[in-house]
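One file, work04.txt, is given below (compact mmCIF, C-alpha atoms).
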# COMPACT_ATOMS: atom_id res chain seq x y z
CA MET A 195 31.24 -69.01 -42.22
CA PHE A 196 28.39 -71.16 -40.92
CA HIS A 197 27.82 -72.21 -37.32
CA VAL A 198 25.48 -75.21 -37.28
CA ASP A 199 24.79 -78.32 -35.25
CA ASP A 200 22.74 -80.21 -37.84
CA PHE A 201 22.68 -80.14 -41.62
CA ILE A 202 21.76 -82.38 -44.52
CA GLY A 203 23.70 -82.82 -47.75
CA ASN A 204 22.47 -83.86 -51.16
CA SER A 205 24.55 -84.61 -54.23
CA THR A 206 24.42 -86.05 -57.71
CA SER A 207 26.71 -88.93 -56.64
CA ASP A 208 27.68 -90.82 -53.50
CA GLN A 209 31.35 -90.15 -54.21
CA LEU A 210 30.94 -86.41 -53.74
CA LEU A 211 29.17 -86.94 -50.43
CA ASP A 212 31.88 -89.34 -49.24
CA GLU A 213 34.59 -86.81 -50.14
CA PHE A 214 32.73 -84.06 -48.32
CA GLN A 215 32.32 -86.26 -45.24
CA LEU A 216 36.07 -87.07 -45.16
CA HIS A 217 36.88 -83.37 -45.52
CA MET A 218 34.60 -82.46 -42.61
CA GLU A 219 35.95 -85.26 -40.43
CA SER A 220 39.49 -83.95 -40.98
CA LYS A 221 38.48 -80.63 -39.41
CA TYR A 222 35.71 -81.37 -36.92
CA GLU A 223 34.28 -84.07 -34.73
CA ILE A 224 31.10 -85.07 -36.52
CA THR A 225 28.67 -87.94 -36.66
CA SER A 226 26.81 -88.84 -39.80
CA ASN A 227 24.08 -91.08 -41.13
CA ASP A 228 22.82 -91.91 -44.58
CA ASP A 229 19.15 -92.60 -43.96
CA GLY A 230 18.02 -89.20 -45.24
CA MET A 231 16.82 -88.07 -41.80
CA PHE A 232 17.28 -84.44 -40.77
CA LEU A 233 15.72 -83.17 -37.53
CA GLY A 234 13.04 -85.85 -37.81
CA VAL A 235 12.30 -85.14 -41.48
CA GLN A 236 13.09 -87.88 -43.98
CA MET A 237 14.00 -86.85 -47.53
CA GLU A 238 13.79 -89.54 -50.21
CA ARG A 239 13.97 -89.61 -53.98
CA TYR A 240 10.45 -89.82 -55.39
CA VAL A 241 10.03 -91.15 -58.93
CA ASP A 242 6.84 -92.09 -60.71
CA GLU A 243 5.77 -92.55 -64.30
CA VAL A 244 4.28 -89.06 -64.41
CA SER A 245 7.31 -87.13 -63.14
CA LEU A 246 9.95 -88.95 -65.21
CA PRO A 247 12.52 -87.83 -66.19
CA GLN A 248 12.20 -84.94 -63.72
CA ALA A 249 13.38 -85.96 -60.26
CA LYS A 250 11.35 -85.19 -57.15
CA TYR A 251 11.90 -85.58 -53.44
CA ILE A 252 9.33 -86.47 -50.82
CA PHE A 253 9.53 -85.15 -47.25
CA ARG A 254 7.96 -87.18 -44.44
CA LYS A 255 8.22 -87.79 -40.69
CA PRO A 256 8.01 -91.58 -40.38
CA HIS A 257 9.47 -91.86 -36.88
CA GLN A 258 7.12 -89.24 -35.43
CA MET A 259 4.14 -90.90 -37.05
CA GLN A 260 5.22 -94.34 -35.82
CA ASN A 261 5.52 -93.01 -32.27
CA ILE A 262 1.93 -91.74 -32.53
CA PHE A 263 0.69 -95.07 -33.90
CA ASP A 264 2.54 -97.06 -31.22
CA LYS A 265 1.00 -94.97 -28.46
CA TYR A 266 -2.56 -94.51 -29.69
CA LEU A 267 -3.01 -97.43 -32.11
CA PRO A 268 -0.91 -100.17 -30.47
CA SER A 269 -2.96 -102.93 -32.07
CA GLY A 270 -3.50 -101.19 -35.37
CA PRO A 271 -6.54 -99.28 -36.66
CA VAL A 272 -9.95 -100.03 -35.21
CA ILE A 273 -12.05 -98.23 -37.83
CA SER A 274 -12.10 -98.39 -41.62
CA ALA A 275 -10.10 -95.92 -43.68
CA PRO A 276 -11.46 -92.37 -43.22
CA LYS A 277 -11.97 -90.50 -46.46
CA ASP A 278 -11.23 -87.09 -44.90
CA PRO A 279 -9.15 -85.78 -41.97
CA MET A 280 -12.27 -84.56 -40.13
CA ARG A 281 -15.81 -85.89 -39.95
CA GLU A 282 -18.42 -83.60 -41.44
CA SER A 283 -20.71 -84.18 -38.43
CA TYR A 284 -17.97 -83.05 -36.04
CA SER A 285 -17.33 -79.91 -38.07
CA LYS A 286 -21.03 -78.94 -38.21
CA LEU A 287 -21.65 -79.58 -34.50
CA PHE A 288 -18.28 -78.29 -33.32
CA ASP A 289 -19.75 -75.57 -31.07
CA THR A 290 -22.50 -77.77 -29.68
CA GLU A 291 -21.78 -78.86 -26.12
CA ASP A 292 -23.17 -82.36 -26.53
CA SER A 293 -20.25 -84.32 -25.08
CA SER A 294 -18.77 -84.76 -21.63
CA PRO A 295 -15.32 -83.35 -20.73
CA CYS A 296 -12.21 -85.47 -21.27
CA GLU A 297 -8.81 -85.55 -19.55
CA VAL A 298 -6.98 -82.32 -20.48
CA THR A 299 -3.37 -83.55 -20.26
CA GLU A 300 -3.99 -86.58 -22.45
CA PHE A 301 -5.82 -84.46 -25.03
CA ARG A 302 -3.04 -81.87 -25.20
CA SER A 303 -0.36 -84.55 -25.45
CA MET A 304 -2.16 -86.19 -28.36
CA LEU A 305 -2.73 -82.84 -30.07
CA GLY A 306 0.88 -81.73 -29.61
CA ALA A 307 2.22 -84.93 -31.14
CA ILE A 308 0.07 -84.53 -34.26
CA MET A 309 0.92 -80.82 -34.54
CA GLN A 310 4.55 -81.72 -35.24
CA LEU A 311 3.50 -83.33 -38.52
CA THR A 312 1.99 -80.26 -40.18
CA ASP A 313 5.20 -79.19 -41.98
CA CYS A 314 5.15 -82.44 -43.97
CA ARG A 315 1.37 -82.98 -43.92
CA PRO A 316 -0.30 -79.67 -44.83
CA ASP A 317 -3.51 -81.55 -45.61
CA ILE A 318 -4.25 -81.74 -41.87
CA CYS A 319 -3.59 -78.05 -41.13
CA PHE A 320 -7.25 -77.03 -40.95
CA SER A 321 -8.22 -80.01 -38.79
CA ILE A 322 -5.41 -79.24 -36.33
CA SER A 323 -6.28 -75.53 -36.28
CA LYS A 324 -9.93 -76.32 -35.59
CA ILE A 325 -9.44 -78.93 -32.89
CA SER A 326 -6.78 -76.77 -31.19
CA GLN A 327 -9.52 -74.36 -30.17
CA ARG A 328 -10.63 -76.89 -27.56
CA GLN A 329 -7.36 -77.08 -25.61
CA CYS A 330 -8.81 -75.37 -22.52
CA THR A 331 -11.98 -77.43 -22.21
CA PRO A 332 -11.65 -80.55 -24.38
CA ARG A 333 -14.59 -82.88 -24.77
CA VAL A 334 -14.82 -86.58 -25.51
CA LYS A 335 -15.86 -85.84 -29.08
CA ASP A 336 -12.75 -83.67 -29.51
CA ARG A 337 -10.57 -86.58 -28.46
CA ASP A 338 -12.53 -88.81 -30.84
CA ALA A 339 -11.83 -86.27 -33.61
CA LEU A 340 -8.10 -86.63 -32.90
CA MET A 341 -8.40 -90.42 -33.03
CA HIS A 342 -10.21 -90.08 -36.36
CA LEU A 343 -7.33 -87.90 -37.60
CA ILE A 344 -4.76 -90.45 -36.40
CA HIS A 345 -6.56 -93.15 -38.36
CA TYR A 346 -6.54 -90.89 -41.43
CA LEU A 347 -2.77 -90.51 -40.98
CA TRP A 348 -2.33 -94.25 -40.57
CA TYR A 349 -4.07 -95.01 -43.85
CA THR A 350 -2.18 -92.21 -45.68
CA ARG A 351 1.18 -92.66 -43.94
CA ASP A 352 3.03 -92.93 -47.25
CA LYS A 353 2.09 -89.36 -48.19
CA GLY A 354 4.30 -86.30 -47.73
CA VAL A 355 5.24 -83.01 -49.36
CA ILE A 356 6.76 -83.63 -52.79
CA LEU A 357 9.06 -80.94 -54.17
CA SER A 358 10.46 -80.94 -57.69
CA ARG A 359 14.19 -80.86 -58.33
CA SER A 360 15.38 -79.13 -61.46
CA ASP A 361 18.19 -80.39 -63.66
CA SER A 362 21.70 -78.89 -63.72
CA ALA A 363 20.77 -76.38 -66.44
CA SER A 364 17.73 -75.18 -64.53
CA GLY A 365 19.89 -74.79 -61.45
CA GLU A 366 21.42 -71.70 -63.04
CA MET A 367 18.01 -70.08 -63.54
CA LEU A 368 16.16 -67.86 -61.15
CA VAL A 369 13.28 -69.37 -59.20
CA ARG A 370 9.90 -67.71 -58.90
CA LEU A 371 8.09 -67.31 -55.59
CA ARG A 372 4.30 -67.62 -55.75
CA GLY A 373 1.75 -67.14 -52.97
CA TYR A 374 -1.87 -68.15 -52.34
CA ALA A 375 -4.44 -66.82 -49.84
CA ASP A 376 -8.00 -67.71 -48.89
CA CYS A 377 -10.52 -66.70 -46.23
CA SER A 378 -13.58 -68.41 -44.78
CA TYR A 379 -15.65 -65.50 -43.51
CA ALA A 380 -17.11 -65.55 -39.97
CA CYS A 381 -16.98 -69.35 -39.78
CA HIS A 382 -16.21 -69.50 -36.04
CA ALA A 383 -18.70 -69.17 -33.20
CA ASN A 384 -16.93 -66.02 -31.94
CA GLY A 385 -17.60 -64.31 -35.29
CA LYS A 386 -14.02 -64.53 -36.51
CA SER A 387 -12.91 -65.70 -39.94
CA HIS A 388 -10.33 -68.32 -40.83
CA TYR A 389 -7.30 -67.58 -43.04
CA SER A 390 -4.97 -69.85 -44.98
CA ILE A 391 -1.83 -68.85 -46.89
CA GLY A 392 0.92 -70.77 -48.70
CA PHE A 393 3.89 -70.53 -51.08
CA ASP A 394 5.61 -72.60 -53.74
CA LEU A 395 8.65 -72.14 -56.01
CA VAL A 396 8.93 -72.69 -59.77
CA ASP A 397 11.43 -71.88 -62.51
CA GLU A 398 11.25 -68.29 -63.69
CA GLU A 399 11.34 -69.15 -67.39
CA THR A 400 8.32 -71.43 -67.52
CA HIS A 401 6.11 -69.56 -65.04
CA THR A 402 3.06 -67.79 -66.44
CA ASP A 403 0.61 -65.70 -64.44
CA ALA A 404 -2.29 -66.91 -66.58
CA ASP A 405 -1.66 -70.62 -65.98
CA PRO A 406 0.21 -71.11 -62.68
CA PHE A 407 -0.32 -74.87 -62.59
CA THR A 408 1.44 -76.05 -65.71
CA SER A 409 2.22 -79.74 -66.08
CA GLU A 410 5.95 -79.00 -65.86
CA HIS A 411 5.66 -77.62 -62.34
CA LYS A 412 3.48 -79.85 -60.23
CA THR A 413 5.36 -79.21 -57.01
CA GLY A 414 4.06 -78.97 -53.46
CA LEU A 415 3.83 -75.91 -51.24
CA PHE A 416 6.96 -75.52 -49.13
CA TYR A 417 5.00 -73.40 -46.64
CA MET A 418 1.35 -73.39 -45.57
CA LYS A 419 -0.41 -71.80 -42.62
CA SER A 420 -4.01 -72.17 -41.41
CA PHE A 421 -5.19 -69.94 -38.55
CA MET A 422 -8.10 -68.05 -37.01
CA ALA A 423 -8.24 -64.32 -37.79
CA PRO A 424 -6.87 -62.17 -34.95
CA ASN A 425 -9.87 -59.81 -35.16
CA VAL A 426 -13.51 -59.98 -36.22
CA ASP A 427 -13.97 -59.07 -39.89
CA LEU A 428 -16.97 -56.88 -40.69
CA SER A 429 -17.35 -58.24 -44.21
CA SER A 430 -16.08 -61.04 -46.41
CA CYS A 431 -14.16 -58.42 -48.41
CA GLN A 432 -12.32 -57.35 -45.26
CA GLY A 433 -11.52 -60.97 -44.44
CA GLU A 434 -10.11 -61.66 -47.89
CA THR A 435 -8.13 -58.40 -47.81
CA CYS A 436 -6.65 -59.19 -44.39
CA ALA A 437 -5.67 -62.68 -45.60
CA VAL A 438 -3.88 -61.11 -48.57
CA VAL A 439 -2.08 -58.72 -46.20
CA GLU A 440 -0.82 -61.67 -44.14
CA LEU A 441 0.32 -63.34 -47.36
CA ALA A 442 2.04 -60.17 -48.60
CA LYS A 443 3.97 -59.77 -45.34
CA ASP A 444 5.34 -63.29 -45.62
CA ALA A 445 6.06 -62.76 -49.33
CA ILE A 446 8.31 -59.80 -48.49
CA PHE A 447 10.09 -61.96 -45.91
CA TYR A 448 10.69 -64.81 -48.37
CA ARG A 449 11.81 -62.38 -51.08
CA GLY A 450 14.51 -61.26 -48.65
CA VAL A 451 15.51 -64.85 -47.91
CA LEU A 452 15.76 -65.63 -51.61
CA GLU A 453 17.87 -62.53 -52.21
CA GLU A 454 20.35 -63.72 -49.59
CA LEU A 455 20.54 -66.99 -51.56
CA ASN A 456 21.39 -65.05 -54.76
CA GLN A 457 17.85 -65.60 -56.06
CA ARG A 458 16.73 -61.99 -56.11
CA GLN A 459 13.15 -61.72 -57.38
CA THR A 460 13.38 -59.46 -60.43
CA SER A 461 9.61 -59.24 -60.93
CA PRO A 462 6.64 -58.83 -58.58
CA THR A 463 5.66 -61.90 -56.60
CA PRO A 464 2.25 -63.14 -57.81
CA LEU A 465 -0.25 -63.52 -54.99
CA TYR A 466 -3.36 -65.48 -55.94
CA GLY A 467 -6.81 -65.21 -54.37
CA ASP A 468 -10.42 -65.80 -55.36
CA ASN A 469 -11.94 -62.46 -54.25
CA ASP A 470 -12.23 -59.72 -56.89
CA SER A 471 -13.03 -56.96 -54.38
CA ALA A 472 -9.89 -57.57 -52.31
CA ARG A 473 -7.77 -57.53 -55.43
CA ALA A 474 -9.36 -54.29 -56.69
CA LEU A 475 -8.94 -52.54 -53.33
CA GLY A 476 -5.32 -53.57 -53.01
CA THR A 477 -4.49 -52.52 -56.55
CA LYS A 478 -6.45 -49.42 -57.59
CA TYR A 479 -8.58 -48.05 -54.75
CA ASP A 480 -9.42 -44.40 -55.50
CA GLY A 481 -11.30 -43.44 -52.34
CA SER A 482 -14.76 -43.57 -53.90
CA HIS A 483 -16.04 -46.41 -51.69
CA LYS A 484 -16.52 -44.76 -48.30
CA ARG A 485 -17.64 -47.94 -46.57
CA VAL A 486 -14.11 -49.32 -46.57
CA ARG A 487 -12.50 -46.37 -44.83
CA TYR A 488 -11.93 -48.47 -41.71
CA MET A 489 -9.69 -50.71 -43.86
CA LEU A 490 -7.62 -47.88 -45.34
CA PRO A 491 -4.34 -48.64 -43.51
CA LYS A 492 -4.19 -52.15 -44.97
CA ILE A 493 -5.53 -51.08 -48.36
CA ASN A 494 -2.95 -48.30 -48.67
CA TRP A 495 -0.16 -50.65 -47.59
CA LEU A 496 -1.16 -53.19 -50.26
CA MET A 497 -1.26 -50.45 -52.89
CA GLU A 498 2.22 -49.30 -51.85
CA LYS A 499 3.56 -52.81 -52.31
CA THR A 500 1.88 -53.26 -55.69
CA LYS A 501 3.16 -49.88 -56.92
CA SER A 502 6.69 -50.72 -55.77
CA GLU A 503 6.33 -53.99 -57.74
CA ALA A 504 7.04 -56.18 -54.75
CA ILE A 505 3.76 -58.04 -55.32
CA VAL A 506 1.02 -58.36 -57.90
CA LEU A 507 -2.50 -59.50 -56.99
CA LEU A 508 -4.01 -62.05 -59.37
CA ARG A 509 -7.25 -64.01 -59.46
CA MET A 510 -7.53 -67.76 -59.15
CA SER A 511 -10.75 -69.73 -59.21
CA THR A 512 -11.89 -71.26 -55.93
CA GLU A 513 -12.08 -74.64 -57.66
CA VAL A 514 -8.28 -74.75 -58.05
CA LEU A 515 -7.05 -72.49 -55.23
CA PRO A 516 -4.88 -74.93 -53.23
CA VAL A 517 -4.98 -73.22 -49.81
CA ASP A 518 -8.78 -73.47 -49.87
CA ILE A 519 -8.37 -76.74 -47.94
CA GLY A 520 -6.86 -74.71 -45.10
CA THR A 521 -10.00 -72.64 -44.48
CA LYS A 522 -12.75 -75.26 -44.34
CA ASN A 523 -13.41 -78.94 -43.84
CA GLY A 524 -13.06 -80.34 -47.34
CA ARG A 525 -14.72 -83.45 -48.73
CA GLY A 526 -14.83 -85.44 -51.92
CA SER A 527 -12.93 -85.20 -55.17
CA GLU A 528 -12.38 -81.43 -54.98
CA PHE A 529 -10.67 -81.80 -51.61
CA TYR A 530 -8.47 -84.64 -52.91
CA LYS A 531 -7.38 -82.57 -55.92
CA LYS A 532 -6.45 -79.59 -53.75
CA ARG A 533 -4.75 -81.87 -51.22
CA ASP A 534 -2.61 -83.37 -53.96
CA ARG A 535 -1.85 -79.90 -55.31
CA VAL A 536 -0.73 -78.68 -51.87
CA MET A 537 1.42 -81.79 -51.34
CA GLY A 538 2.76 -81.99 -54.90
CA SER A 539 1.38 -85.47 -55.53
Do you think you could lay out the structure here as structure tokens?
Amino acid sequence: MFHVDDFIGNSTSDQLLDEFQLHMESKYEITSNDDGMFLGVQMERYVDEVSLPQAKYIFRKPHQMQNIFDKYLPSGPVISAPKDPMRESYSKLFDTEDSSPCEVTEFRSMLGAIMQLTDCRPDICFSISKISQRQCTPRVKDRDALMHLIHYLWYTRDKGVILSRSDSASGEMLVRLRGYADCSYACHANGKSHYSIGFDLVDEETHTDADPFTSEHKTGLFYMKSFMAPNVDLSSCQGETCAVVELAKDAIFYRGVLEELNQRQTSPTPLYGDNDSARALGTKYDGSHKRVRYMLPKINWLMEKTKSEAIVLLRMSTEVLPVDIGTKNGRGSEFYKKRDRVMGS
């Protein structure tokens, strides 16, 4: 039995949906719409020449974005199309107090509105995480950074997270959960690092640990998180290890969710990172490196999870690690490739 107040249905034909709606109306008082909107998220069929014949769906928040544009860009954009969500100059001079204070309420209102887009626009996660650090004492240049981000959204308003839909035969197969973690060591003025983690789902049969990005499974991440480390890391190895720990905790949670959906993960969940030391410590630490004793609780916990075959730690090159865009201000072709990988485009 399910107790809900909102839900979305998807079917292979309109007839099935119509029959389901009539059945529900015979039992309950319900209202319905057919515009694909669910709690502000729009789901639409996405077909291009590359994905055919495999169907995909794109998830966007058009109404939320339009509300932002109406309020802050009532006459349309006033600058040319930004190439990136955040200016490089703003990122480099972020901690420099070279701008006067701005109105706090207006800044927080603008920031809060954009924050609501991150579930469908993971490409702005790092920018939001960075600018959010100025909520207490915002400056004019912080507000300008938000306006720059709004212009970036305006010029890329057709983008969203694209998730692949399998065919009816694949629907009987198990899905495979995969995770990704990255750390930018001591990148904040307070000495703390920045972590980013994310997950995607692929068919069990065609997944390979050696080549996780096969052409058959170009799907977006259904979850991505970008955040400042809770504590100061004493080394880049510690930062990478702590990021993997955060990823492993969420992996265990999602494994439980999938098991409730009759998609029990029969093999360890692959967790990808670009740091060899973190992977070695979490897999086969033998106590010989005394300098990491302060990290032993997390190292031992990771080893327990690898030995129980809940997770397996694998290496992925920084050049293709998708969540890398969640730990630093990306630019150029490498950023665009990782952005498209994260969003499934």
Query - Minimum-distance residue to A:Ser293, chosen among A:His257, A:Lys522, A:His345, A:Arg333 (using all atoms listed in the file) - result: A:Arg333
Requested in this report: For stretch 377-385 of chain A, please output as a PyMOL selection string all residues within 7 Å (counting all atoms listed in the file; exclusion window: fewer than 2 positions along the same chain).
Outcome: chain A and resi 289+387-390+426+430+433-434+437+521-522
Query raised in the report: Which one of A:Ala275, A:Leu415, A:Val506, A:Ile224 sits closest to A:Arg315 if you count all atoms listed in the file?
Result: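 When distances to A:Arg315 are compared using all atoms listed in the file, the smallest one comes from A:Leu415.
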Query raised in the report: stretch 342-344 of chain A: which residues within 8 Å, counting all atoms listed in the file, same-chain residues fewer than 2 positions away excluded, as a PyMOL selection string?
Result: chain A and resi 262-263+276+279-281+308+338-340+346-348
Could you turn the residues from that selection into a file that holds C-alpha atoms, as a PDB file, in the frame of the given file?
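What ended up in out-v1.pdb:
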ATOM      1  CA  ILE A 262       1.930 -91.740 -32.530  1.00  0.00           C
ATOM      2  CA  PHE A 263       0.690 -95.070 -33.900  1.00  0.00           C
ATOM      3  CA  PRO A 276     -11.460 -92.370 -43.220  1.00  0.00           C
ATOM      4  CA  PRO A 279      -9.150 -85.780 -41.970  1.00  0.00           C
ATOM      5  CA  MET A 280     -12.270 -84.560 -40.130  1.00  0.00           C
ATOM      6  CA  ARG A 281     -15.810 -85.890 -39.950  1.00  0.00           C
ATOM      7  CA  ILE A 308       0.070 -84.530 -34.260  1.00  0.00           C
ATOM      8  CA  ASP A 338     -12.530 -88.810 -30.840  1.00  0.00           C
ATOM      9  CA  ALA A 339     -11.830 -86.270 -33.610  1.00  0.00           C
ATOM     10  CA  LEU A 340      -8.100 -86.630 -32.900  1.00  0.00           C
ATOM     11  CA  TYR A 346      -6.540 -90.890 -41.430  1.00  0.00           C
ATOM     12  CA  LEU A 347      -2.770 -90.510 -40.980  1.00  0.00           C
ATOM     13  CA  TRP A 348      -2.330 -94.250 -40.570  1.00  0.00           C
TER      14      TRP A 348
END
Report task. Name the closest residue to A:Tyr240 among the candidates A:Ser429, A:Thr413, A:Ser482, A:Thr477; distances are taken between atoms, counting only C-alpha atoms. Result -> A:Thr413
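When only C-alpha atoms are used to measure the gap to A:Cys314, the shortest distance among A:Ser283, A:Ser326, A:Asn456, A:Gln236 belongs to A:Gln236.
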Report task. Mind giving me the straight-line distance from atom CA of A:Gly354 to atom CA of A:Met422 in Å, one decimal? Result ->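 Computing the Euclidean distance for atom CA of A:Gly354 and atom CA of A:Met422 yields 24.5 Å.
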Requested in this report: Please indicate the distance in Å from atom CA of A:Arg485 to atom CA of A:Asn469, rounded to one decimal place.
Outcome: 17.4 Å
Query - Among the residues A:Ser358, A:Ser220, A:Gln329, A:Ser226, the one that comes closest to A:Arg239 [using all atoms listed in the file] - result: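 So, comparing all the options, the nearest one is A:Ser358.
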Requested in this report: Could you please determine the separation between atom CA of A:Glu503 and atom CA of A:Arg449 in Å, to one decimal place?
Outcome: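 Straight-line distance from atom CA of A:Glu503 to atom CA of A:Arg449 works out to 12.0 Å.
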Report task. Go through A:Ser420, A:Ile252, A:Arg473, A:Leu452 and flag the residue nearest A:Val439, using only C-alpha atoms for the distances. Result -> A:Arg473
Report task. Within 8 Å of A:Met418, counting all atoms listed in the file, which residues show up once you throw out same-chain ones fewer than 6 positions away? Write them as a list in words, please. Result ->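 Final neighbour list, sorted by chain and number: Asp313, Pro316, Ser390, Ile391, Gly392, Phe393 and Val517 of chain A.
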Requested in this report: Might you pull out every residue within 10 Å of stretch 202-209 of chain A, with all atoms listed in the file counted and same-chain residues fewer than 6 positions away left off, and present them as a PyMOL selection string?
Outcome: chain A and resi 215+226-228+230-233+237+362
Same residues, C-alpha atoms, saved as a compact mmCIF listing (two decimals), in the coordinates of the input:
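This is the output file part-v9.txt:
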# COMPACT_ATOMS: atom_id res chain seq x y z
CA GLN A 215 32.32 -86.26 -45.24
CA SER A 226 26.81 -88.84 -39.80
CA ASN A 227 24.08 -91.08 -41.13
CA ASP A 228 22.82 -91.91 -44.58
CA GLY A 230 18.02 -89.20 -45.24
CA MET A 231 16.82 -88.07 -41.80
CA PHE A 232 17.28 -84.44 -40.77
CA LEU A 233 15.72 -83.17 -37.53
CA MET A 237 14.00 -86.85 -47.53
CA SER A 362 21.70 -78.89 -63.72
